[in-house]
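Chemist: Before anything else, here's the structure in question.
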Amino acid sequence: MTHTKDKHQQPYSRLRRILLILLKVIMIIALAIVLFIGIVYTVNRVSSHSEMQKLESYGQLVSVAGKQMNVLVEGEGEETIVILPGFGTASPALDFKPLLSRLKSDYKVIVIEPFGYGLSDQTDKERSTANISSEIHEAVQSLGADRYILMAHSISGLYSLDYVNRYPDEVEAFIGLDHSVPSLSEQKVETSDIVPVKWFRNLGFARLQLKLGDNPYEELPYDEKTQEQLNILIRKNMYNDTQLNEAVSMYSNFQTAKALTFPADLPVLFFVQKNHPVVHEWVSEHEKQIVNSKQGEIVLLEADHYLYRSHSMEIAEKIKDFMESRM
């Protein structure tokens, strides 16, 4: 009888041992994951603190809507150019440096760092086009600029479409740097979609993501010091709350912009990448924006979306020619 009982217990004992082994494996994996997250979180906190000690200020702070917005002003030209950044640009003032260095000999150049960008404060205010336009205008006005050329990269082209219609007596011309057009809308982002992104950021995985990615400024005309500061600000501002709120508002901003066009008598100059890697209608939709413009021109460049980084000389020379032809 004892022998029979042992035979029945053997499969059960083996199953129990297997389950215990599996449980131990699961616990080890779980502990390894927790340890990995802890290391990533700690490294991010320590590194962020260290980097803030190395961060150097630039530009000047102006009061906008009760907060501080950073702007950079360079050049002594008679005409003024106001530059607006694309979505997520960590430091507009430093990112536009190659183009800025080409423009400042002929123009006074103002680079705006909207809330959530560069050294500017963050804000809880809705990132609607109307609010963003109003904030930019307040910053420009605080600098005493009353007539200027508006230049915008990427999503700021959408905000500029509102801006030039809102403040027509101030904007002399518009220059688009591979700017967004209303007909090519971004996908809708819900508030719930950004919750996991905040966890990803808060736990320090954004830093790890950047570490595993390529250096966007490699082999471009940025000195080592500028690259160091840019990389610090990328890690500082990546996925911050203000920019995530802007992402949530982006779809509705595109829809609102569909009712707007550039004024027919406003000179407009577009620099557009010739071969968009995804959107085949990229050039044709930009062409539609100037159909009714009395002074409209498109320059196609063999470049990526950040064409001002690699083609600053061509862009600066064309801007000068275009503006002089208006006189």
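Naming scheme: A, B, ... for chains in displayed order of the structure tokens; residues 1 onward per chain; ligands 1 onward as shown.
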Residues near Thr261 (chain A), anyone? I mean within 9 Å using only C-alpha atoms, not counting same-chain ones fewer than 6 positions away, as a PyMOL selection string.

Modeler: chain A and resi 161-162+165+289-290

Chemist: Can I get the selection written as a JSON list (two decimals), in the first residue's frame, with all heavy atoms?

Modeler:
```
[["chain", "number", "residue", "atom", "x", "y", "z"],
["A", 161, "LEU", "N", -0.43, 81.32, -38.83],
["A", 161, "LEU", "CA", -1.58, 81.57, -39.69],
["A", 161, "LEU", "C", -2.64, 82.37, -38.93],
["A", 161, "LEU", "O", -3.25, 83.30, -39.47],
["A", 161, "LEU", "CB", -2.15, 80.23, -40.18],
["A", 161, "LEU", "CG", -3.16, 80.24, -41.32],
["A", 161, "LEU", "CD1", -2.62, 81.00, -42.52],
["A", 161, "LEU", "CD2", -3.52, 78.81, -41.71],
["A", 162, "ASP", "N", -2.82, 82.03, -37.67],
["A", 162, "ASP", "CA", -3.72, 82.80, -36.81],
["A", 162, "ASP", "C", -3.11, 84.17, -36.51],
["A", 162, "ASP", "O", -3.80, 85.20, -36.55],
["A", 162, "ASP", "CB", -3.96, 82.04, -35.51],
["A", 162, "ASP", "CG", -4.71, 82.84, -34.47],
["A", 162, "ASP", "OD1", -5.96, 82.83, -34.50],
["A", 162, "ASP", "OD2", -4.06, 83.49, -33.62],
["A", 165, "ASN", "N", -3.29, 86.96, -39.20],
["A", 165, "ASN", "CA", -4.65, 87.47, -39.35],
["A", 165, "ASN", "C", -5.10, 88.28, -38.14],
["A", 165, "ASN", "O", -5.92, 89.18, -38.25],
["A", 165, "ASN", "CB", -5.61, 86.31, -39.58],
["A", 165, "ASN", "CG", -5.55, 85.77, -41.00],
["A", 165, "ASN", "OD1", -6.10, 86.36, -41.93],
["A", 165, "ASN", "ND2", -4.85, 84.66, -41.19],
["A", 289, "GLN", "N", -1.27, 76.88, -50.39],
["A", 289, "GLN", "CA", -1.35, 78.00, -49.46],
["A", 289, "GLN", "C", -1.00, 79.34, -50.09],
["A", 289, "GLN", "O", -1.37, 80.39, -49.55],
["A", 289, "GLN", "CB", -0.43, 77.76, -48.25],
["A", 289, "GLN", "CG", -1.03, 76.87, -47.17],
["A", 289, "GLN", "CD", -0.32, 77.06, -45.84],
["A", 289, "GLN", "OE1", 0.90, 76.93, -45.76],
["A", 289, "GLN", "NE2", -1.08, 77.35, -44.81],
["A", 290, "ILE", "N", -0.30, 79.33, -51.22],
["A", 290, "ILE", "CA", 0.09, 80.60, -51.83],
["A", 290, "ILE", "C", -0.60, 80.85, -53.17],
["A", 290, "ILE", "O", -0.21, 81.77, -53.91],
["A", 290, "ILE", "CB", 1.62, 80.68, -52.01],
["A", 290, "ILE", "CG1", 2.11, 79.59, -52.97],
["A", 290, "ILE", "CG2", 2.33, 80.62, -50.67],
["A", 290, "ILE", "CD1", 3.56, 79.82, -53.40]]
```

Chemist: If we count only C-alpha atoms and set the cut-off at 8 Å, which residues sit around Glu297 (chain A), ignoring sequence neighbours fewer than 3 positions away in its own chain? Please answer as number ranges by chain.

Modeler: A: 268-270, 290

Chemist: Next, dump the selected residues to file, keeping only N, CA and C atoms, as an mmCIF file, in the first residue's frame.

Modeler:
```cif
data_model
loop_
_atom_site.group_PDB
_atom_site.id
_atom_site.type_symbol
_atom_site.label_atom_id
_atom_site.label_comp_id
_atom_site.auth_asym_id
_atom_site.auth_seq_id
_atom_site.Cartn_x
_atom_site.Cartn_y
_atom_site.Cartn_z
ATOM 1 N N VAL A 268 4.813 86.091 -48.722
ATOM 2 C CA VAL A 268 5.087 84.821 -48.044
ATOM 3 C C VAL A 268 6.166 84.054 -48.796
ATOM 4 N N LEU A 269 7.100 83.514 -48.036
ATOM 5 C CA LEU A 269 8.202 82.732 -48.597
ATOM 6 C C LEU A 269 8.288 81.432 -47.817
ATOM 7 N N PHE A 270 8.166 80.301 -48.531
ATOM 8 C CA PHE A 270 8.216 78.993 -47.882
ATOM 9 C C PHE A 270 9.495 78.256 -48.270
ATOM 10 N N ILE A 290 -0.296 79.332 -51.215
ATOM 11 C CA ILE A 290 0.089 80.602 -51.827
ATOM 12 C C ILE A 290 -0.598 80.849 -53.171
#
```

Chemist: Need to verify the contact set: Val278 (chain A), 12 Å, only C-alpha atoms, exclusion of same-chain residues closer than 4 positions in sequence. Can you return it as a list in words?

Modeler: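 Final neighbour list, sorted by chain and number: Leu184, Gln273, Lys274, Trp282, Val283, Asp304 and His305 of chain A.
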
Chemist: Quick one: write out the picked residues with all heavy atoms as a compact mmCIF listing (two decimals), in the first residue's frame?

Modeler:
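Generated file (result_4.txt):
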```
# COMPACT_ATOMS: atom_id res chain seq x y z
N LEU A 184 -3.04 69.07 -43.45
CA LEU A 184 -2.29 67.86 -43.09
C LEU A 184 -2.24 67.76 -41.57
O LEU A 184 -1.22 67.99 -40.93
CB LEU A 184 -0.88 67.90 -43.69
CG LEU A 184 -0.82 67.95 -45.22
CD1 LEU A 184 0.61 68.16 -45.69
CD2 LEU A 184 -1.41 66.68 -45.83
N GLN A 273 10.94 70.99 -47.51
CA GLN A 273 11.74 69.82 -47.90
C GLN A 273 11.13 69.20 -49.15
O GLN A 273 9.91 69.00 -49.24
CB GLN A 273 11.85 68.82 -46.76
CG GLN A 273 10.56 68.25 -46.22
CD GLN A 273 10.80 67.16 -45.18
OE1 GLN A 273 11.63 66.28 -45.36
NE2 GLN A 273 10.06 67.24 -44.09
N LYS A 274 11.98 68.91 -50.11
CA LYS A 274 11.53 68.45 -51.42
C LYS A 274 10.90 67.07 -51.39
O LYS A 274 9.92 66.79 -52.10
CB LYS A 274 12.71 68.47 -52.39
CG LYS A 274 12.35 68.18 -53.83
CD LYS A 274 13.56 68.33 -54.73
CE LYS A 274 13.22 68.09 -56.19
NZ LYS A 274 14.42 68.25 -57.06
N TRP A 282 3.08 66.75 -49.24
CA TRP A 282 3.70 67.82 -48.45
C TRP A 282 3.93 69.08 -49.30
O TRP A 282 3.54 70.18 -48.92
CB TRP A 282 5.01 67.32 -47.85
CG TRP A 282 5.63 68.25 -46.85
CD1 TRP A 282 6.80 68.94 -46.98
CD2 TRP A 282 5.14 68.56 -45.53
NE1 TRP A 282 7.06 69.68 -45.85
CE2 TRP A 282 6.06 69.45 -44.94
CE3 TRP A 282 4.01 68.17 -44.80
CZ2 TRP A 282 5.90 69.97 -43.65
CZ3 TRP A 282 3.84 68.67 -43.52
CH2 TRP A 282 4.77 69.56 -42.96
N VAL A 283 4.56 68.92 -50.46
CA VAL A 283 4.87 70.08 -51.31
C VAL A 283 3.58 70.66 -51.90
O VAL A 283 3.38 71.88 -51.89
CB VAL A 283 5.85 69.69 -52.43
CG1 VAL A 283 6.03 70.85 -53.41
CG2 VAL A 283 7.20 69.30 -51.84
N ASP A 304 16.03 67.54 -44.54
CA ASP A 304 15.00 66.94 -43.70
C ASP A 304 14.15 68.06 -43.09
O ASP A 304 14.26 69.22 -43.47
CB ASP A 304 15.61 66.03 -42.63
CG ASP A 304 16.51 66.77 -41.65
OD1 ASP A 304 16.46 68.02 -41.59
OD2 ASP A 304 17.28 66.10 -40.93
N HIS A 305 13.31 67.71 -42.13
CA HIS A 305 12.37 68.66 -41.56
C HIS A 305 13.07 69.85 -40.89
O HIS A 305 12.57 70.97 -40.91
CB HIS A 305 11.50 67.92 -40.53
CG HIS A 305 10.39 68.74 -39.96
ND1 HIS A 305 9.52 69.48 -40.75
CD2 HIS A 305 10.00 68.94 -38.67
CE1 HIS A 305 8.64 70.08 -39.97
NE2 HIS A 305 8.92 69.78 -38.71
```

Chemist: Quick one: everything within 7 Å of Thr242 (chain A), counting only C-alpha atoms, minus sequence neighbours fewer than 2 positions away in the same chain. Send it as a ChimeraX atom specification.

Modeler: /A:116,122-124,240,244-246

Chemist: For C-alpha atoms, I'd like the residues from the last selection saved as a compact mmCIF listing (two decimals), in the first residue's frame.

Modeler:
```txt
# COMPACT_ATOMS: atom_id res chain seq x y z
CA GLY A 116 7.58 75.04 -21.90
CA GLN A 122 5.83 76.24 -17.94
CA THR A 123 2.12 77.06 -17.86
CA ASP A 124 -1.14 75.31 -17.05
CA ASN A 240 7.23 68.37 -19.93
CA LEU A 244 2.21 67.42 -23.53
CA ASN A 245 -0.77 69.76 -23.13
CA GLU A 246 0.18 71.32 -26.45
```

Chemist: Would you work out the distance separating CA of Gly38 (chain A) from CA of Asn237 (chain A), expressed in Å to one decimal?

Modeler: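 Spanning CA of Gly38 (chain A) to CA of Asn237 (chain A) is a straight-line distance of 21.6 Å.
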
Chemist: Pick out the residues sitting within 7 Å of Asp121 (chain A), and hand them over as a list in words; count only C-alpha atoms, and ignore anything fewer than 4 positions along from it in its own chain.

Modeler: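 Here the qualifying residues turn out to be Lys67, Gln68, Met69, Phe115 and Gly116 of chain A.
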
Chemist: Based on the selection just made, write all heavy atoms of those residues as an mmCIF file, in the first residue's frame.

Modeler:
```
data_model
loop_
_atom_site.group_PDB
_atom_site.id
_atom_site.type_symbol
_atom_site.label_atom_id
_atom_site.label_comp_id
_atom_site.auth_asym_id
_atom_site.auth_seq_id
_atom_site.Cartn_x
_atom_site.Cartn_y
_atom_site.Cartn_z
ATOM 1 N N LYS A 67 3.933 85.194 -16.107
ATOM 2 C CA LYS A 67 5.047 84.261 -16.032
ATOM 3 C C LYS A 67 6.241 84.825 -16.786
ATOM 4 O O LYS A 67 6.147 85.890 -17.399
ATOM 5 C CB LYS A 67 4.644 82.891 -16.589
ATOM 6 C CG LYS A 67 3.614 82.162 -15.734
ATOM 7 C CD LYS A 67 3.302 80.788 -16.277
ATOM 8 C CE LYS A 67 2.385 80.016 -15.344
ATOM 9 N NZ LYS A 67 3.054 79.681 -14.063
ATOM 10 N N GLN A 68 7.355 84.091 -16.763
ATOM 11 C CA GLN A 68 8.572 84.539 -17.424
ATOM 12 C C GLN A 68 8.809 83.752 -18.716
ATOM 13 O O GLN A 68 8.857 82.531 -18.707
ATOM 14 C CB GLN A 68 9.775 84.372 -16.488
ATOM 15 C CG GLN A 68 9.706 85.219 -15.220
ATOM 16 C CD GLN A 68 9.756 86.700 -15.533
ATOM 17 O OE1 GLN A 68 10.714 87.202 -16.109
ATOM 18 N NE2 GLN A 68 8.706 87.415 -15.140
ATOM 19 N N MET A 69 8.932 84.491 -19.808
ATOM 20 C CA MET A 69 9.220 83.880 -21.107
ATOM 21 C C MET A 69 10.603 84.332 -21.553
ATOM 22 O O MET A 69 10.928 85.517 -21.490
ATOM 23 C CB MET A 69 8.168 84.283 -22.145
ATOM 24 C CG MET A 69 8.359 83.632 -23.507
ATOM 25 S SD MET A 69 7.025 84.026 -24.688
ATOM 26 C CE MET A 69 5.677 83.040 -24.010
ATOM 27 N N PHE A 115 6.249 79.233 -23.696
ATOM 28 C CA PHE A 115 6.188 78.531 -22.411
ATOM 29 C C PHE A 115 6.410 77.033 -22.631
ATOM 30 O O PHE A 115 5.846 76.437 -23.551
ATOM 31 C CB PHE A 115 4.841 78.765 -21.734
ATOM 32 C CG PHE A 115 4.648 80.178 -21.257
ATOM 33 C CD1 PHE A 115 3.458 80.848 -21.473
ATOM 34 C CD2 PHE A 115 5.659 80.845 -20.583
ATOM 35 C CE1 PHE A 115 3.274 82.151 -21.033
ATOM 36 C CE2 PHE A 115 5.491 82.147 -20.140
ATOM 37 C CZ PHE A 115 4.302 82.810 -20.365
ATOM 38 N N GLY A 116 7.264 76.452 -21.782
ATOM 39 C CA GLY A 116 7.578 75.036 -21.899
ATOM 40 C C GLY A 116 8.773 74.751 -22.786
ATOM 41 O O GLY A 116 9.178 73.598 -22.947
#
```

Chemist: For Gly118 (chain A), please output as a PyMOL selection string all residues within 10 Å (counting only C-alpha atoms; exclusion window: fewer than 4 positions along the same chain).

Modeler: chain A and resi 57-58+69-71+88-95+112-114+230+233-234+236-237

Chemist: Would you output that residue set with C-alpha atoms, as a compact mmCIF listing (two decimals), in the first residue's frame?

Modeler:
```txt
# COMPACT_ATOMS: atom_id res chain seq x y z
CA SER A 57 21.49 81.19 -19.12
CA TYR A 58 21.14 83.15 -22.36
CA MET A 69 9.22 83.88 -21.11
CA ASN A 70 12.76 83.71 -22.42
CA VAL A 71 13.71 85.52 -25.64
CA GLY A 88 9.25 70.10 -28.82
CA THR A 89 12.32 72.15 -29.73
CA ALA A 90 14.32 71.97 -26.52
CA SER A 91 16.08 75.32 -26.88
CA PRO A 92 14.88 77.48 -29.79
CA ALA A 93 17.56 80.14 -29.20
CA LEU A 94 20.38 77.57 -29.44
CA ASP A 95 18.71 75.36 -32.04
CA ILE A 112 10.89 83.41 -28.99
CA GLU A 113 10.97 80.51 -26.52
CA PRO A 114 7.27 79.86 -25.80
CA LEU A 230 21.30 71.68 -26.17
CA LEU A 233 17.90 71.28 -22.32
CA ILE A 234 16.59 68.34 -24.34
CA LYS A 236 15.23 69.07 -19.11
CA ASN A 237 12.25 69.83 -21.36
```

Chemist: Which residue gives the smallest distance to Ala247 (chain A) among A:Ile194, A:Ile298, A:Ile315, A:Leu22, with only C-alpha atoms counted?

Modeler: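 The answer is A:Ile194, which sits nearest to Ala247 (chain A).
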
Chemist: One decimal, in Å: what's the spacing between CA of Arg14 (chain A) and CA of Leu31 (chain A)?

Modeler: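 According to the coordinates, CA of Arg14 (chain A) and CA of Leu31 (chain A) are separated by 25.6 Å.
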
Chemist: Compare A:Val181, A:Val111, A:Met27, A:Ala145 by their minimum atom-to-atom distance to Val279 (chain A), counting only C-alpha atoms, and give me the closest one.

Modeler: A:Val181

Chemist: Among region 220-252 of chain A, which ones does DSSP assign to helix (DSSP H, G or I) (computed from the backbone)? Answer as a PyMOL selection string.

Modeler: chain A and resi 224-237+241-252

Chemist: List the spatial neighbours of Ala316 (chain A) as a list in words - criterion: any atom at most 7 Å away, only C-alpha atoms, same-chain residues fewer than 3 positions off excluded.

Modeler: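 Listing them by chain and then by number gives Leu99, Arg102, Leu103, Ser312, Met313, Ile319 and Lys320 of chain A.
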
Chemist: Identify which of the residues A:Gly204, A:Gly176, A:Gly296, A:Pro182 lies closest to Lys258 (chain A), counting only C-alpha atoms when measuring atom-to-atom distances.

Modeler: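 Nearest to Lys258 (chain A): A:Pro182.
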
Chemist: As a VMD selection string, please: every residue in region 42-289 of chain A that DSSP puts in strand (DSSP E or B).

Modeler: chain A and resid 60 to 64 67 to 74 80 to 84 108 to 113 148 to 153 171 to 177 268 to 273

Chemist: Which residue out of A:Ala303, A:Gly213, A:Ala259, A:Ser180 has the minimum interatomic distance to Glu285 (chain A) when only C-alpha atoms are used?

Modeler: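 Of A:Ala303, A:Gly213, A:Ala259, A:Ser180, the one nearest Glu285 (chain A) is A:Ser180, counting only C-alpha atoms.
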
Chemist: Considering only C-alpha atoms, can you say which of A:Ser105, A:Ser252, A:Gln229, A:Gln53 comes closest to Glu79 (chain A)?

Modeler: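 Checking each of A:Ser105, A:Ser252, A:Gln229, A:Gln53 against Glu79 (chain A), counting only C-alpha atoms, the winner is A:Ser105.
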
Chemist: Point out the residue among A:Met238, A:Leu19, A:Leu84, A:Val62 with the least atom-to-atom distance to Leu158 (chain A), counting only C-alpha atoms.

Modeler: A:Leu84
